[in-house]
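As structure tokens, the structure follows; a few thoughts come after it.
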Amino acid sequence: MVTYEDIVHAKEVIAPHIIRTPLIYSPTFSGLTGANIFLKLETLQKAGSFKVRGATYRILNNKSGIGEAGVIAASAGNHAQGVAVAARMAGVHATIVMPTHASLSKQAATKSYGAEVILKGENLQESIEVALSLAREGALFIHPYDDPDIIAGQGTIGIEILEDLQSVDIILVPVGGGGLISGIATAVKARRPAVRVIGVQSAACPSAYDAVLGSKMVTVIPGQSVADGILVPKVGTLTLPVLESLVDEIILVPDEEIIDAMLLLLERKKILAEGAGAVTVAALLNSHAAIPEGSNVVLVISGGNVDTPLLAKIINRGLVRKGRVMHISVRLRDVPGSLAGLISLIARCEGNIIHIEHRKDDPELPLEMVMVDIEIETRGPEHVQEISQKIRDAGFIS
């Protein structure tokens, strides 16, 4: 099992090669909860996530045994980029096996860091099997979470938190395979056993939650989630004992709350967090964890790598959920002035039209009618109701 001394050694080894990310106080989240909320921003880490910590330590701690074949890993996202960056810093060749469905932007980012990318496997597990097979030819395999060096490297976050906030009471950590929280819990509990370490996992893939609940390894079938970085079907053989012995609680958050958390981080704190990184905020703001008033709470924001097309969808979905954007379809008579009258009404209601589409080809429409689809920016749910009511009162048919 990884020890506190292992993590201290990892910190000494990787310190010259990584960014010591800031721990910032959030007046917004503190005001919403009554606690003192701090954010550990691994979004500002090299390659945009905490993954580079473990990868760097794994490579540097074994560099003398790395041959010409270099290192190999399998990943569809952050682990790929973390290994690529770490390998480039260490001056060794990196091969990353990615599933064939891996996003083009993640492929491009991994290649830009100097890694060779191989697209094989319909899913991550198949890609891992390919990578393990290639590793037999001499490359050092770097597991995304179930490895002592990886756990120790990720655990350096825990030491940094204790150094920056000695009076911390609670730490919320995203959970996928368990490498990140295992390292943090090991480091924190060794120095401050009273600190509560709480794991947060996507409800779409409760592998760690179910494993701890049943005290045995389980494999789940992940559902669809914006928190794709923690959709790990099975926790590690090394991480499960730590989850059971050192992690105080694991809680689940649904996708809707994760999207809201991503939007709030972006709007209020100007922090771009991926879904996996925002689960801790989702847990906090929806009261899934017991947070005593006045306590000092750290939320680990583990990464910020979001595909640009997905980001636009997330923002729009979040705005709609919060009543900040409304969509309405209205039938109008196809005569001059009808559309102008509707637009004028929305303007008087102080709605801001973002997009408008004028459709005449709907076969279900009477010939004298057209359908207008409008996207409107609003102040919130009450404003949505006001605009909708005014449109109905004016005789427009929705």
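By convention in this document, the chains of the structure tokens carry letters A, B, ... by their order, each chain's residues are numbered from 1, and ligands are numbered from 1 in the order they are shown.
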(Q) With only C-alpha atoms as the counted atoms, please give the residues lying no more than 8 Å from Gly351 of chain A, apart from itself and same-chain residues fewer than 6 positions off, as JSON, numbers by chain. (A) {"A": [376, 377, 378, 387]}
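Of all the residues in segment 4-143 of chain A, the ones DSSP labels as strand (DSSP E) from the backbone are Leu23, Ile24, Tyr25, Asn36, Ile37, Phe38, Leu39, Lys40, Leu41, Val71, Ile72, Ala73, Ala74, Ala94, Thr95, Ile96, Val97, Met98, Glu116, Val117, Ile118, Leu119, Leu140 and Phe141 of chain A.
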Produce a table with one row for each residue of segment 283-374 of chain A that has an atom at most 7 Å from any atom of segment 47-65 of chain A, each row naming the nearest atom pair and its distance in Å at one decimal; use only C-alpha atoms; arrange rows by chain and rising residue number; format as JSON lines.
{"residue": "A:Ser302", "atom": "CA", "partner": "A:Ser49", "partner_atom": "CA", "distance": 5.7}
{"residue": "A:Gly303", "atom": "CA", "partner": "A:Ser49", "partner_atom": "CA", "distance": 4.0}
{"residue": "A:Gly304", "atom": "CA", "partner": "A:Gly48", "partner_atom": "CA", "distance": 5.5}
{"residue": "A:Asn305", "atom": "CA", "partner": "A:Gly48", "partner_atom": "CA", "distance": 6.0}
Q.
Need to verify the contact set: segment 315-326 of chain A, 10 Å, only C-alpha atoms, exclusion of same-chain residues closer than 4 positions in sequence. Can you return it as a ChimeraX atom specification?
A. /A:256-264,266-267,310-311,351-354,374-385,387-388
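Remark: for Asp373 of chain A, the closest of the candidate residues A:Thr156, A:Ser329, A:Gln389, A:Thr21 is A:Ser329 (distances computed over only C-alpha atoms).
Among the candidates A:Asp307, A:Asp361, A:Glu122, A:Glu163, the one nearest to Arg20 of chain A when counting only C-alpha atoms is A:Glu163.
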Report the closest atom pair, with its distance in Å rounded to one decimal, for each residue of segment 121-194 of chain A that has an atom no farther than 12 Å from segment 249-253 of chain A; count only C-alpha atoms, sort by chain and then rising residue number, and write it as a tab-separated table.
residue	atom	partner	partner_atom	distance
A:Ile170	CA	A:Glu249	CA	11.1
A:Ile171	CA	A:Glu249	CA	10.8
A:Leu172	CA	A:Ile250	CA	9.4
A:Val173	CA	A:Ile250	CA	9.3
A:Pro174	CA	A:Ile250	CA	9.4
A:Val175	CA	A:Ile250	CA	8.4
A:Gly176	CA	A:Ile250	CA	11.1
A:Gly178	CA	A:Ile250	CA	11.0
A:Ile181	CA	A:Ile250	CA	10.4
A:Ala185	CA	A:Glu249	CA	11.4
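Nearest-residue note for Ile221 of chain A: choosing from A:Val235, A:Leu119, A:Ile24, A:Cys205, the minimum distance belongs to A:Cys205, counting only C-alpha atoms.
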Q | Best match for closeness to Gln154 of chain A among A:Gly223, A:Gly82, A:Gly341, A:Pro233, counting only C-alpha atoms | A | A:Gly82
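Among the candidates A:Ser344, A:Thr3, A:Thr237, A:Ser225, the residue lying nearest to Ala203 of chain A is A:Ser225 (atoms considered: only C-alpha atoms).
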